$ cat run_33.cif   # mmCIF, C-alpha atoms
data_protein
loop_
_atom_site.label_atom_id
_atom_site.label_comp_id
_atom_site.auth_asym_id
_atom_site.auth_seq_id
_atom_site.Cartn_x
_atom_site.Cartn_y
_atom_site.Cartn_z
CA MET E 23 99.60 -54.17 90.49
CA LEU E 24 98.89 -55.80 93.79
CA ARG E 25 97.79 -52.46 95.18
CA ILE E 26 95.32 -52.01 92.34
CA LEU E 27 93.92 -55.47 92.90
CA GLN E 28 93.64 -54.81 96.61
CA PHE E 29 91.90 -51.55 95.90
CA LEU E 30 89.43 -53.21 93.55
CA TYR E 31 88.88 -55.97 96.10
CA SER E 32 88.00 -53.42 98.75
CA LEU E 33 85.47 -51.95 96.34
CA ARG E 34 83.99 -55.31 95.40
CA ALA E 35 80.57 -54.66 96.95
CA PHE E 36 80.25 -51.39 95.11
CA LEU E 37 81.33 -52.94 91.81
CA LEU E 38 78.86 -55.78 92.20
CA PHE E 39 76.18 -53.23 93.01
CA LEU E 40 76.99 -51.30 89.83
CA LEU E 41 76.94 -54.48 87.77
CA LEU E 42 73.55 -55.58 89.12
CA GLU E 43 72.05 -52.14 88.61
CA LEU E 44 73.33 -52.09 85.04
CA VAL E 45 71.75 -55.46 84.39
CA ALA E 46 68.48 -54.27 85.92
CA PHE E 47 68.40 -51.10 83.83
CA TRP E 48 69.30 -53.01 80.72
CA LEU E 49 66.32 -55.29 81.42
CA ILE E 50 64.06 -52.29 81.93
CA VAL E 51 65.10 -50.62 78.71
CA SER E 52 65.03 -53.72 76.57
CA ASN E 53 61.60 -54.74 77.85
CA ASN E 54 59.82 -51.43 77.79
CA SER E 55 59.64 -50.69 74.12
CA PRO E 56 56.08 -51.36 73.05
CA GLN E 57 57.12 -53.33 69.97
CA GLY E 58 60.06 -55.17 71.51
CA ALA E 59 59.79 -58.83 72.30
CA ALA E 60 59.89 -59.43 76.00
CA PHE E 61 61.70 -62.54 77.06
CA PHE E 62 61.09 -62.46 80.79
CA ASN E 63 57.48 -62.02 81.70
CA SER E 64 54.36 -63.63 82.97
CA SER E 65 53.62 -65.32 79.67
CA ASN E 66 56.19 -67.82 80.91
CA ALA E 67 54.49 -71.17 81.64
CA VAL E 68 55.33 -71.38 85.35
CA PHE E 69 54.37 -67.81 86.26
CA GLY E 70 51.38 -67.93 83.97
CA SER E 71 49.99 -70.98 85.72
CA VAL E 72 50.37 -69.35 89.13
CA LEU E 73 48.48 -66.28 87.93
CA LYS E 74 45.85 -68.45 86.27
CA THR E 75 45.16 -70.38 89.47
CA GLN E 76 44.80 -67.11 91.33
CA SER E 77 42.38 -65.70 88.79
CA ASP E 78 40.44 -68.97 88.71
CA ILE E 79 39.65 -68.38 92.35
CA THR E 80 39.04 -64.63 92.30
CA GLN E 81 37.07 -64.59 89.06
CA PHE E 82 34.70 -67.21 90.37
CA LEU E 83 33.38 -64.46 92.61
CA ASP E 84 32.89 -62.13 89.63
CA LEU E 85 31.01 -64.67 87.52
CA ALA E 86 27.61 -63.10 88.10
CA GLY E 87 28.77 -59.72 86.84
CA ALA E 88 30.59 -61.23 83.88
CA ASN E 89 27.48 -63.20 82.95
CA GLU E 90 25.36 -60.11 83.07
CA GLU E 91 27.70 -58.27 80.76
CA LEU E 92 27.73 -61.16 78.31
CA LEU E 93 23.94 -61.26 78.37
CA LYS E 94 23.80 -57.57 77.67
CA GLN E 95 26.12 -57.96 74.75
CA ASN E 96 24.20 -60.93 73.42
CA ALA E 97 21.04 -58.87 73.47
CA GLU E 98 22.76 -56.09 71.58
CA LEU E 99 24.10 -58.48 68.97
CA LEU E 100 20.67 -60.08 68.58
CA SER E 101 19.12 -56.70 67.94
CA ARG E 102 21.76 -55.96 65.33
CA LEU E 103 21.14 -59.31 63.70
CA GLU E 104 17.46 -58.46 63.57
CA LYS E 105 18.21 -55.27 61.69
CA ILE E 106 20.28 -57.12 59.12
CA GLN E 107 17.63 -59.77 58.54
CA LEU E 108 14.90 -57.20 57.97
CA SER E 109 16.03 -56.40 54.46
CA THR E 110 14.68 -59.37 52.58
CA ASP E 111 15.63 -58.00 49.21
CA SER E 112 18.53 -60.12 48.06
CA MET E 113 19.71 -57.38 45.74
CA ALA E 114 20.45 -55.21 48.74
CA TYR E 115 23.40 -57.33 49.76
CA PRO E 116 26.73 -56.24 48.43
CA PRO E 117 28.50 -58.89 46.40
CA LEU E 118 30.61 -60.98 48.75
CA ASP E 119 34.20 -61.15 47.74
CA SER E 120 36.95 -62.90 49.60
CA SER E 121 38.64 -59.79 50.94
CA PHE E 122 35.36 -58.53 52.38
CA VAL E 123 34.44 -61.74 54.12
CA ALA E 124 37.49 -62.29 56.24
CA ALA E 125 39.06 -58.92 56.89
CA HIS E 126 39.10 -59.54 60.62
CA GLU E 127 38.95 -62.66 62.70
CA PHE E 128 37.77 -62.66 66.29
CA SER E 129 38.42 -64.92 69.23
CA SER E 130 38.01 -64.63 72.97
CA ALA E 131 40.29 -64.85 76.01
CA ARG E 132 40.25 -64.38 79.73
CA VAL E 133 42.36 -61.85 81.58
CA ILE E 134 44.24 -63.64 84.33
CA SER E 135 46.33 -60.79 85.62
CA GLN E 136 46.68 -57.09 85.04
CA THR E 137 48.30 -54.02 86.48
CA LEU E 138 46.68 -50.60 86.73
CA ARG E 139 48.84 -48.44 88.90
CA PHE E 140 52.00 -48.03 86.86
CA ALA E 141 52.86 -45.90 83.88
CA GLN E 142 53.39 -49.03 81.80
CA ASN E 143 50.51 -51.39 82.42
CA HIS E 144 50.10 -54.87 81.02
CA LEU E 145 47.53 -57.66 80.91
CA THR E 146 48.16 -61.39 80.93
CA LEU E 147 45.72 -63.51 78.92
CA ASP E 148 45.07 -67.23 79.22
CA LYS E 149 45.37 -67.91 75.50
CA GLY E 150 48.64 -68.46 73.67
CA GLU E 151 50.25 -69.76 70.55
CA VAL E 152 48.28 -73.00 70.56
CA ASP E 153 45.05 -71.00 70.48
CA GLY E 154 46.22 -68.96 67.52
CA VAL E 155 47.21 -65.79 69.35
CA LYS E 156 49.83 -63.78 67.49
CA VAL E 157 51.93 -60.77 68.37
CA GLY E 158 50.22 -57.57 67.25
CA MET E 159 46.61 -58.70 67.63
CA GLY E 160 44.17 -56.16 69.02
CA VAL E 161 42.43 -56.69 72.36
CA PHE E 162 39.04 -55.18 73.19
CA ASN E 163 35.95 -55.95 75.19
CA HIS E 164 32.28 -55.14 74.90
CA SER E 165 32.74 -51.57 76.07
CA GLY E 166 35.87 -50.53 74.20
CA ILE E 167 39.50 -51.06 73.32
CA VAL E 168 41.82 -52.70 75.84
CA GLY E 169 45.24 -53.08 74.26
CA ARG E 170 47.52 -54.96 71.90
CA ILE E 171 49.33 -58.30 72.19
CA LYS E 172 53.00 -57.80 72.94
CA SER E 173 54.39 -61.28 73.40
CA VAL E 174 53.06 -64.81 73.19
CA SER E 175 54.14 -68.06 74.77
CA LYS E 176 52.72 -71.51 74.24
CA ASN E 177 49.71 -71.12 76.51
CA TYR E 178 49.69 -67.51 77.62
CA SER E 179 50.14 -64.08 76.17
CA VAL E 180 50.92 -60.59 77.44
CA ALA E 181 49.19 -57.51 76.10
CA ILE E 182 50.12 -53.86 76.49
CA SER E 183 47.17 -52.08 78.00
CA VAL E 184 45.79 -48.82 76.60
CA LEU E 185 46.85 -47.57 80.03
CA ASN E 186 50.45 -47.64 78.88
CA THR E 187 52.25 -44.45 78.01
CA GLY E 188 54.00 -46.24 75.16
CA LEU E 189 50.93 -47.29 73.19
CA LEU E 190 49.34 -45.11 70.52
CA VAL E 191 46.01 -46.16 69.03
CA SER E 192 44.87 -44.50 65.84
CA SER E 193 41.31 -43.28 66.30
CA LYS E 194 38.86 -40.71 65.10
CA ILE E 195 36.10 -38.45 66.35
CA LYS E 196 32.98 -40.14 65.06
CA SER E 197 30.90 -37.11 64.20
CA THR E 198 33.54 -35.15 62.30
CA GLU E 199 35.76 -38.01 61.08
CA VAL E 200 38.86 -36.25 62.35
CA TYR E 201 41.80 -38.51 63.00
CA GLY E 202 44.04 -38.53 66.04
CA SER E 203 46.00 -40.86 68.30
CA ILE E 204 44.88 -42.06 71.69
CA ASN E 205 47.70 -42.06 74.22
CA TRP E 206 47.53 -42.45 77.99
CA ASP E 207 49.13 -39.69 80.04
CA GLY E 208 49.75 -41.87 83.09
CA LYS E 209 47.39 -40.08 85.44
CA THR E 210 43.98 -41.62 86.09
CA THR E 211 42.77 -44.93 84.72
CA GLN E 212 39.57 -43.37 83.37
CA GLU E 213 41.09 -40.79 81.05
CA ALA E 214 43.47 -40.60 78.13
CA LYS E 215 44.62 -37.91 75.74
CA MET E 216 43.79 -37.62 72.07
CA LEU E 217 46.84 -36.31 70.26
CA TYR E 218 47.43 -34.67 66.90
CA VAL E 219 44.00 -33.13 66.42
CA PRO E 220 44.61 -29.80 64.63
CA ARG E 221 43.47 -26.56 66.23
CA HIS E 222 40.97 -25.59 63.60
CA VAL E 223 38.82 -28.66 64.24
CA LYS E 224 35.49 -27.95 65.88
CA THR E 225 34.79 -30.50 68.55
CA GLN E 226 33.12 -30.47 71.92
CA PRO E 227 32.73 -32.52 75.07
CA GLY E 228 30.38 -35.42 74.52
CA ASP E 229 31.66 -36.37 71.07
CA THR E 230 32.33 -40.07 70.61
CA VAL E 231 35.79 -41.37 69.79
CA VAL E 232 36.15 -44.70 67.97
CA THR E 233 39.02 -46.56 66.35
CA SER E 234 39.83 -45.39 62.85
CA GLY E 235 40.14 -47.27 59.62
CA TYR E 236 43.81 -46.31 59.41
CA ASN E 237 44.37 -48.61 62.28
CA ALA E 238 46.22 -51.77 61.35
CA ILE E 239 45.05 -53.79 64.34
CA PHE E 240 41.48 -52.82 65.17
CA PRO E 241 38.55 -52.84 62.80
CA GLU E 242 36.95 -49.45 62.28
CA GLY E 243 34.43 -48.23 64.78
CA ILE E 244 35.32 -49.93 68.05
CA TRP E 245 34.55 -47.68 70.98
CA VAL E 246 37.36 -45.76 72.62
CA GLY E 247 35.51 -43.26 74.73
CA VAL E 248 33.81 -39.91 74.94
CA ILE E 249 35.50 -36.51 74.80
CA LYS E 250 35.49 -34.93 78.22
CA LYS E 251 37.44 -31.74 77.81
CA VAL E 252 38.73 -29.72 74.87
CA GLU E 253 41.39 -27.13 75.63
CA GLN E 254 43.64 -24.97 73.52
CA GLY E 255 46.66 -26.30 75.38
CA SER E 256 50.25 -25.22 75.12
CA ASP E 257 50.97 -26.83 71.77
CA GLN E 258 50.77 -24.40 68.87
CA ASN E 259 49.38 -26.84 66.35
CA TYR E 260 47.18 -29.24 68.22
CA LEU E 261 44.26 -29.22 70.61
CA ASP E 262 44.57 -30.68 74.08
CA ILE E 263 41.72 -33.20 74.19
CA THR E 264 40.91 -35.38 77.18
CA VAL E 265 38.92 -38.52 76.45
CA GLU E 266 37.02 -40.46 79.04
CA LEU E 267 37.73 -44.11 78.22
CA SER E 268 34.66 -46.29 77.82
CA THR E 269 36.48 -49.38 79.10
CA ASP E 270 36.46 -49.84 82.85
CA PHE E 271 39.95 -51.24 83.33
CA SER E 272 39.32 -52.24 86.92
CA LYS E 273 36.64 -54.69 85.79
CA ILE E 274 38.09 -56.55 82.83
CA ASN E 275 37.38 -60.28 82.91
CA TYR E 276 36.82 -61.44 79.37
CA VAL E 277 38.21 -59.85 76.25
CA TYR E 278 38.05 -60.38 72.51
CA LEU E 279 41.07 -60.70 70.29
CA VAL E 280 40.99 -59.46 66.75
CA GLU E 281 43.37 -60.38 64.00
CA ASN E 282 43.66 -58.36 60.84
CA ASN E 283 43.95 -60.94 58.06
CA GLN E 284 45.07 -58.33 55.62
CA LEU E 285 47.94 -57.19 57.78
CA PRO E 286 50.65 -59.17 55.92
CA GLU E 287 49.38 -57.82 52.63
CA LEU E 288 49.23 -54.29 53.99
CA ASP E 289 52.66 -54.66 55.52
CA SER E 290 54.27 -55.75 52.29
CA LEU E 291 52.51 -52.94 50.46
CA TYR E 292 53.80 -50.42 52.98
CA GLN E 293 57.26 -51.87 52.64
CA GLU E 294 57.09 -51.55 48.89
CA ALA E 295 55.95 -47.97 49.22
CA GLU E 296 58.65 -47.43 51.86
CA LEU E 297 56.19 -46.33 54.53
CA ILE E 298 56.56 -47.21 58.16
CA ASN E 299 53.62 -49.08 59.59
CA GLU E 300 52.43 -47.34 62.71
CA TYR E 301 49.98 -49.18 64.87
CA MET D 3 72.66 -68.47 112.35
CA ASN D 4 71.75 -72.04 113.11
CA ILE D 5 69.95 -74.31 110.70
CA ARG D 6 66.58 -73.92 112.35
CA SER D 7 66.46 -70.17 112.19
CA LEU D 8 67.74 -70.36 108.64
CA ILE D 9 64.81 -72.54 107.62
CA THR D 10 62.37 -70.24 109.42
CA PHE D 11 63.94 -67.28 107.66
CA ILE D 12 63.64 -68.79 104.18
CA PHE D 13 60.10 -69.90 104.95
CA THR D 14 59.21 -66.34 106.02
CA GLY D 15 60.66 -65.06 102.78
CA ILE D 16 58.55 -67.41 100.68
CA ILE D 17 55.40 -66.44 102.59
CA LEU D 18 56.20 -62.75 102.08
CA LEU D 19 56.70 -63.29 98.35
CA ILE D 20 53.40 -65.12 98.05
CA VAL D 21 51.54 -62.40 99.96
CA GLN D 22 53.19 -59.75 97.82
CA VAL D 23 52.38 -61.40 94.53
CA LEU D 24 48.88 -62.66 95.27
CA PHE D 25 47.44 -59.87 97.40
CA LEU D 26 49.47 -56.69 97.58
CA LYS D 27 49.98 -56.61 93.82
CA ASN D 28 46.33 -55.74 93.28
CA LEU D 29 46.12 -53.31 96.14
CA ALA D 30 46.68 -49.58 96.05
CA VAL D 31 45.26 -47.66 98.98
CA PHE D 32 43.58 -44.45 97.73
CA GLY D 33 45.19 -45.16 94.38
CA VAL D 34 48.62 -44.02 95.55
CA ALA D 35 49.91 -46.18 98.39
CA MET D 36 51.31 -49.53 97.32
CA GLY D 37 52.64 -52.03 99.80
CA PHE D 38 56.14 -53.34 99.22
CA LEU D 39 56.03 -55.74 102.11
CA TYR D 40 58.48 -58.20 100.60
CA LEU D 41 61.30 -55.71 101.16
CA MET D 42 61.06 -56.68 104.84
CA PHE D 43 62.81 -59.88 103.84
CA ILE D 44 65.87 -57.89 102.78
CA LEU D 45 65.68 -55.49 105.73
CA ASP D 46 65.54 -58.34 108.23
CA PHE D 47 68.76 -60.06 107.21
CA SER D 48 71.17 -60.44 110.09
CA ILE D 49 73.48 -57.50 110.62
CA SER D 50 76.66 -59.42 109.97
CA VAL D 51 75.53 -60.83 106.63
CA ASN D 52 77.98 -60.67 103.75
CA ARG D 53 77.29 -57.62 101.56
CA MET D 54 77.82 -59.45 98.28
CA ASN D 55 75.38 -62.18 99.21
CA LEU D 56 72.78 -59.64 100.25
CA LEU D 57 73.14 -57.83 96.91
CA PHE D 58 72.64 -61.07 95.01
CA VAL D 59 69.63 -62.08 97.09
CA ALA D 60 68.04 -58.65 96.70
CA PHE D 61 68.55 -58.69 92.94
CA TRP D 62 67.02 -62.10 92.43
CA VAL D 63 64.12 -61.53 94.80
CA GLY D 64 63.40 -58.25 93.04
CA LEU D 65 63.51 -59.92 89.66
CA LEU D 66 61.13 -62.64 90.84
CA ILE D 67 58.65 -59.99 91.98
CA ASP D 68 59.16 -58.17 88.69
CA ILE D 69 58.08 -61.16 86.66
CA PHE D 70 54.72 -61.19 88.41
CA TYR D 71 54.35 -57.42 88.28
CA GLN D 72 55.28 -57.21 84.56
CA THR D 73 57.82 -54.55 85.50
CA ILE D 74 61.03 -56.28 84.51
CA GLY D 75 64.06 -54.81 86.23
CA MET D 76 62.27 -52.13 88.23
CA HIS D 77 61.90 -53.97 91.52
CA ALA D 78 65.29 -55.57 90.98
CA ALA D 79 67.01 -52.21 90.55
CA SER D 80 65.30 -50.73 93.60
CA ALA D 81 65.89 -53.74 95.85
CA THR D 82 69.56 -53.86 94.86
CA LEU D 83 69.96 -50.21 95.77
CA VAL D 84 68.38 -50.82 99.18
CA ALA D 85 70.65 -53.81 99.78
CA PHE D 86 73.64 -51.66 98.88
CA ILE D 87 72.69 -48.76 101.17
CA ARG D 88 71.59 -50.92 104.11
CA PRO D 89 75.03 -51.59 105.65
CA TYR D 90 75.94 -47.89 105.55
CA TRP D 91 72.63 -46.89 107.06
CA LEU D 92 72.99 -49.54 109.76
CA LYS D 93 76.41 -48.15 110.60
CA ALA D 94 75.10 -44.61 110.65
CA ILE D 95 72.32 -45.29 113.13
CA SER D 96 74.10 -47.86 115.30
CA PRO D 97 73.12 -47.50 118.94
CA THR D 98 75.76 -46.64 121.51
CA GLY D 99 77.81 -49.71 122.18
CA GLY D 100 77.20 -51.10 118.70
CA TYR D 101 75.14 -54.04 117.58
CA ASP D 102 75.12 -57.53 118.86
CA GLU D 103 76.79 -59.15 115.85
CA THR D 104 74.38 -62.05 115.56
CA SER D 105 71.24 -60.01 116.01
CA ARG D 106 68.80 -59.07 113.29
CA PRO D 107 67.52 -55.54 112.82
CA ASP D 108 63.86 -56.33 113.41
CA LEU D 109 61.13 -54.89 115.54
CA HIS D 110 61.35 -57.16 118.58
CA GLU D 111 65.08 -57.01 118.76
CA MET D 112 65.53 -53.28 118.40
CA GLY D 113 62.32 -51.62 119.50
CA LEU D 114 59.70 -49.64 117.64
CA SER D 115 61.30 -46.20 117.38
CA TRP D 116 64.59 -47.60 116.20
CA TYR D 117 62.84 -49.79 113.68
CA ILE D 118 60.94 -46.83 112.24
CA SER D 119 64.07 -44.75 111.86
CA TYR D 120 65.79 -47.76 110.32
CA SER D 121 63.12 -48.81 107.85
CA PHE D 122 61.54 -45.51 106.83
CA PRO D 123 64.45 -44.15 104.74
CA LEU D 124 65.09 -47.54 103.16
CA PHE D 125 61.45 -48.01 102.19
CA PHE D 126 61.44 -44.45 100.92
CA ILE D 127 64.55 -44.89 98.78
CA TYR D 128 63.04 -48.05 97.42
CA SER D 129 59.69 -46.51 96.49
CA PHE D 130 61.29 -43.35 95.19
CA LEU D 131 63.55 -45.19 92.78
CA PHE D 132 60.74 -47.52 91.79
CA PHE D 133 58.25 -44.79 90.97
CA SER D 134 60.90 -42.63 89.30
CA ILE D 135 61.68 -45.43 86.87
CA ASP D 136 58.00 -46.16 86.40
CA GLN D 137 57.00 -42.57 85.68
CA TRP D 138 60.14 -41.85 83.68
CA GLY D 139 59.44 -38.96 81.32
CA THR D 140 55.72 -38.90 81.99
CA GLY D 141 54.79 -37.72 85.46
CA GLY D 142 56.24 -34.84 87.39
CA LEU D 143 58.44 -35.10 90.45
CA LEU D 144 55.52 -34.21 92.66
CA GLY D 145 53.51 -37.25 91.61
CA VAL D 146 56.50 -39.49 92.21
CA LEU D 147 57.14 -37.99 95.65
CA ASN D 148 53.48 -38.27 96.55
CA LYS D 149 53.28 -41.92 95.56
CA SER D 150 56.56 -42.87 97.19
CA LEU D 151 55.80 -41.11 100.47
CA PHE D 152 52.43 -42.80 100.91
CA SER D 153 53.74 -46.15 99.71
CA THR D 154 56.56 -45.86 102.23
CA ILE D 155 54.18 -45.18 105.08
CA PHE D 156 51.85 -47.98 104.02
CA SER D 157 54.66 -50.50 103.53
CA MET D 158 56.17 -49.62 106.90
CA LEU D 159 52.86 -49.97 108.70
CA LEU D 160 52.39 -53.36 107.04
CA ALA D 161 55.89 -54.45 108.03
CA ILE D 162 55.35 -53.41 111.65
CA LEU D 163 51.94 -55.04 111.77
CA VAL D 164 53.23 -58.31 110.36
CA GLN D 165 56.06 -58.41 112.87
CA VAL D 166 53.81 -57.60 115.82
CA LEU D 167 51.22 -60.19 114.83
CA PHE D 168 53.19 -63.07 113.44
CA PHE D 169 56.77 -62.93 114.66
CA LYS D 170 57.56 -64.56 117.93
CA ARG D 171 59.36 -62.46 120.44
CA ARG D 172 62.71 -64.15 120.85
CA ARG D 173 63.74 -64.85 124.39
CA ARG D 174 66.64 -62.83 125.59
CA ILE D 175 69.44 -64.49 127.46
#
$ encode --input "run_33.cif" --output "structure tokens"
Amino acid sequence: MLRILQFLYSLRAFLLFLLLELVAFWLIVSNNSPQGAAFFNSSNAVFGSVLKTQSDITQFLDLAGANEELLKQNAELLSRLEKIQLSTDSMAYPPLDSSFVAAHEFSSARVISQTLRFAQNHLTLDKGEVDGVKVGMGVFNHSGIVGRIKSVSKNYSVAISVLNTGLLVSSKIKSTEVYGSINWDGKTTQEAKMLYVPRHVKTQPGDTVVTSGYNAIFPEGIWVGVIKKVEQGSDQNYLDITVELSTDFSKINYVYLVENNQLPELDSLYQEAELINEY
Amino acid sequence: MNIRSLITFIFTGIILLIVQVLFLKNLAVFGVAMGFLYLMFILDFSISVNRMNLLFVAFWVGLLIDIFYQTIGMHAASATLVAFIRPYWLKAISPTGGYDETSRPDLHEMGLSWYISYSFPLFFIYSFLFFSIDQWGTGGLLGVLNKSLFSTIFSMLLAILVQVLFFKRRRRI
């Protein structure tokens, strides 16, 4: 017995090493599932405030660019508003019912920290529970989709970026209405793959890809990107489509959050019909 | 280690962590080379330090970095591995006559060529494990090797530069 104890004691460094590595890998696995709640991350108040102070300073330098983008978007929205107001015929409006009015709710947030160079990238936002942010909300900016909220603390939240190999976003090719899933392949920050587009579909470089209506988090028609390459690929059933993302992930300052108000209703319906809700 | 050098050491560690989290986090040279400067803190521990303590320190420092990087566990796992291998590597490359027990394996103490041969494999093991975990199941081995090699070189250059510029040459007796 004493021998065994002595033997174990002589191995103590190795055993401790094994234990620590196991803990580390357990943390990695339990935190890396896209749906899983993360309990140790920068949405924590202390780390969040450090990151916020840093971004306060660095984003001050980017204010001019951010302003310009906001102006551009304002102009676009104004022109859209103009189009709507042109039809003065009151009969042209569809009857407003409650489910039409508030299908989606929007709010804004600032990105205070983000990673770009890993296979699993995340963003930290400066809005949290007190501002009405909930897990599962969609994140996008004026040029396209950005990600989905993964975990929320009191004042901060963490979103999985589209540049995360674990996130699938249901989307469609605008011209042909063909559905597929956008998934990042971990290579460059400008491109992603569009999966599950059948081989018989005719599509070509230059086609626009937007979010689909099957999507439970984004409203229909938010920009994803433009098809860059269509190849036959090695898969027997599906095309190998490369999409150039319209969002410039190296220049994200301000983002919009969207909440699907019908999600609880949809969820319970899916549950009743025994379908799994894929995001 | 007397109290004064201990305080300097901890202070250096904190500065390294701040630099890592505030500056190097957002930096990737040519998109592949990332600087893991904070690992210098673990490499620079005195040679006679207790292994168990070093493992604990490496784990917690790695976890702290992880929280800022949003990569929970990845830095911790890699740093712990480096802390575990370090004593064996130190033994393997000990100069003739052995080490001065109280000395630290840093640039001024041991010289440039020794420091490179000491730190290069450790930085490489660190980056290799880190990028392997990161790219798990997605990228090929070549991408991982590419990233880890350039990150190793970049981190080592940073470590040498920092020591040349900011560390005082200790007076020899």
$ interface_residues --input "run_33.cif" --of "chain E" --to "chain D" --cutoff "10 Å" --atoms "all atoms listed in the file" --output "PyMOL selection string"
chain E and resi 34-40+42-54+60-66+69-70+72-73+76-77+135-146+180+187+206-211
$ write_last_selection --input "run_33.cif" --atoms "C-alpha atoms" --output "tab-separated table (two decimals), keeping the file's coordinate frame"
chain	number	residue	atom	x	y	z
E	34	ARG	CA	83.99	-55.31	95.40
E	35	ALA	CA	80.57	-54.66	96.95
E	36	PHE	CA	80.25	-51.39	95.11
E	37	LEU	CA	81.33	-52.94	91.81
E	38	LEU	CA	78.86	-55.78	92.20
E	39	PHE	CA	76.18	-53.23	93.01
E	40	LEU	CA	76.99	-51.30	89.83
E	42	LEU	CA	73.55	-55.58	89.12
E	43	GLU	CA	72.05	-52.14	88.61
E	44	LEU	CA	73.33	-52.09	85.04
E	45	VAL	CA	71.75	-55.46	84.39
E	46	ALA	CA	68.48	-54.27	85.92
E	47	PHE	CA	68.40	-51.10	83.83
E	48	TRP	CA	69.30	-53.01	80.72
E	49	LEU	CA	66.32	-55.29	81.42
E	50	ILE	CA	64.06	-52.29	81.93
E	51	VAL	CA	65.10	-50.62	78.71
E	52	SER	CA	65.03	-53.72	76.57
E	53	ASN	CA	61.60	-54.74	77.85
E	54	ASN	CA	59.82	-51.43	77.79
E	60	ALA	CA	59.89	-59.43	76.00
E	61	PHE	CA	61.70	-62.54	77.06
E	62	PHE	CA	61.09	-62.46	80.79
E	63	ASN	CA	57.48	-62.02	81.70
E	64	SER	CA	54.36	-63.63	82.97
E	65	SER	CA	53.62	-65.32	79.67
E	66	ASN	CA	56.19	-67.82	80.91
E	69	PHE	CA	54.37	-67.81	86.26
E	70	GLY	CA	51.38	-67.93	83.97
E	72	VAL	CA	50.37	-69.35	89.13
E	73	LEU	CA	48.48	-66.28	87.93
E	76	GLN	CA	44.80	-67.11	91.33
E	77	SER	CA	42.38	-65.70	88.79
E	135	SER	CA	46.33	-60.79	85.62
E	136	GLN	CA	46.68	-57.09	85.04
E	137	THR	CA	48.30	-54.02	86.48
E	138	LEU	CA	46.68	-50.60	86.73
E	139	ARG	CA	48.84	-48.44	88.90
E	140	PHE	CA	52.00	-48.03	86.86
E	141	ALA	CA	52.86	-45.90	83.88
E	142	GLN	CA	53.39	-49.03	81.80
E	143	ASN	CA	50.51	-51.39	82.42
E	144	HIS	CA	50.10	-54.87	81.02
E	145	LEU	CA	47.53	-57.66	80.91
E	146	THR	CA	48.16	-61.39	80.93
E	180	VAL	CA	50.92	-60.59	77.44
E	187	THR	CA	52.25	-44.45	78.01
E	206	TRP	CA	47.53	-42.45	77.99
E	207	ASP	CA	49.13	-39.69	80.04
E	208	GLY	CA	49.75	-41.87	83.09
E	209	LYS	CA	47.39	-40.08	85.44
E	210	THR	CA	43.98	-41.62	86.09
E	211	THR	CA	42.77	-44.93	84.72
$ closest_residue --input "run_33.cif" --among "D:Ser153, D:Leu114, D:Phe125, D:Gly99" --to "Val166 of chain D" --atoms "all atoms listed in the file"
D:Leu114
$ atom_distance --input "run_33.cif" --atom1 "atom CA of Leu103 of chain E" --atom2 "atom CA of Glu91 of chain E"
18.3 Å
$ axis_aligned_box --input "run_33.cif" --around "segment 202-220 of chain E" --padding-each-side "6 Å" --output "AutoDock Vina command-line options"
--center_x 44.7 --center_y -37.4 --center_z 75.4 --size_x 22.2 --size_y 27.1 --size_z 33.5
$ closest_residue --input "run_33.cif" --among "E:Ser175, E:Ser234, E:Thr225, E:Gln95" --to "Ile204 of chain E" --atoms "all atoms listed in the file"
E:Ser234
$ closest_residue --input "run_33.cif" --among "D:Ser150, D:Ser50, D:Ser115, D:Asn4" --to "Phe130 of chain D" --atoms "all atoms listed in the file"
D:Ser150
$ resolve_selection --input "run_33.cif" --expression "the PyMOL selection byres ((chain E and resi 221) around 6)" --output "PDB file with C-alpha atoms, keeping the file's coordinate frame"
ATOM      1  CA  PRO E 220      44.610 -29.800  64.630  1.00  0.00           C
ATOM      2  CA  HIS E 222      40.970 -25.590  63.600  1.00  0.00           C
ATOM      3  CA  VAL E 223      38.820 -28.660  64.240  1.00  0.00           C
ATOM      4  CA  ASN E 259      49.380 -26.840  66.350  1.00  0.00           C
ATOM      5  CA  TYR E 260      47.180 -29.240  68.220  1.00  0.00           C
ATOM      6  CA  LEU E 261      44.260 -29.220  70.610  1.00  0.00           C
TER       7      LEU E 261
END
$ resolve_selection --input "run_33.cif" --expression "the PyMOL selection byres ((chain E and resi 189) around 9)" --output "list in words"
Pro56, Gly169, Arg170, Ile182, Ser183, Val184, Leu185, Asn186, Thr187, Gly188, Leu190, Val191, Ile204, Asn205, Trp206 and Tyr301 of chain E
$ atom_distance --input "run_33.cif" --atom1 "atom CA of Ser179 of chain E" --atom2 "atom CA of Ala238 of chain E"
19.7 Å
$ residues_around --input "run_33.cif" --residues "Gln165 of chain D" --least-positions-apart "4" --cutoff "8 Å" --atoms "only C-alpha atoms" --output "ChimeraX atom specification"
/D:109-110,161,169
$ closest_residue --input "run_33.cif" --among "E:Gln258, E:Ser71, E:Ser193, E:Asn177" --to "Ile239 of chain E" --atoms "all atoms listed in the file"
E:Ser193
$ closest_atom_pairs --input "run_33.cif" --of "segment 162-206 of chain E" --to "segment 266-277 of chain E" --cutoff "7 Å" --atoms "only C-alpha atoms" --output "tab-separated table"
residue	atom	partner	partner_atom	distance
E:Phe162	CA	E:Val277	CA	5.6
E:Asn163	CA	E:Val277	CA	4.6
E:Ser165	CA	E:Thr269	CA	5.3
E:Gly166	CA	E:Thr269	CA	5.1
E:Ile167	CA	E:Thr269	CA	6.7
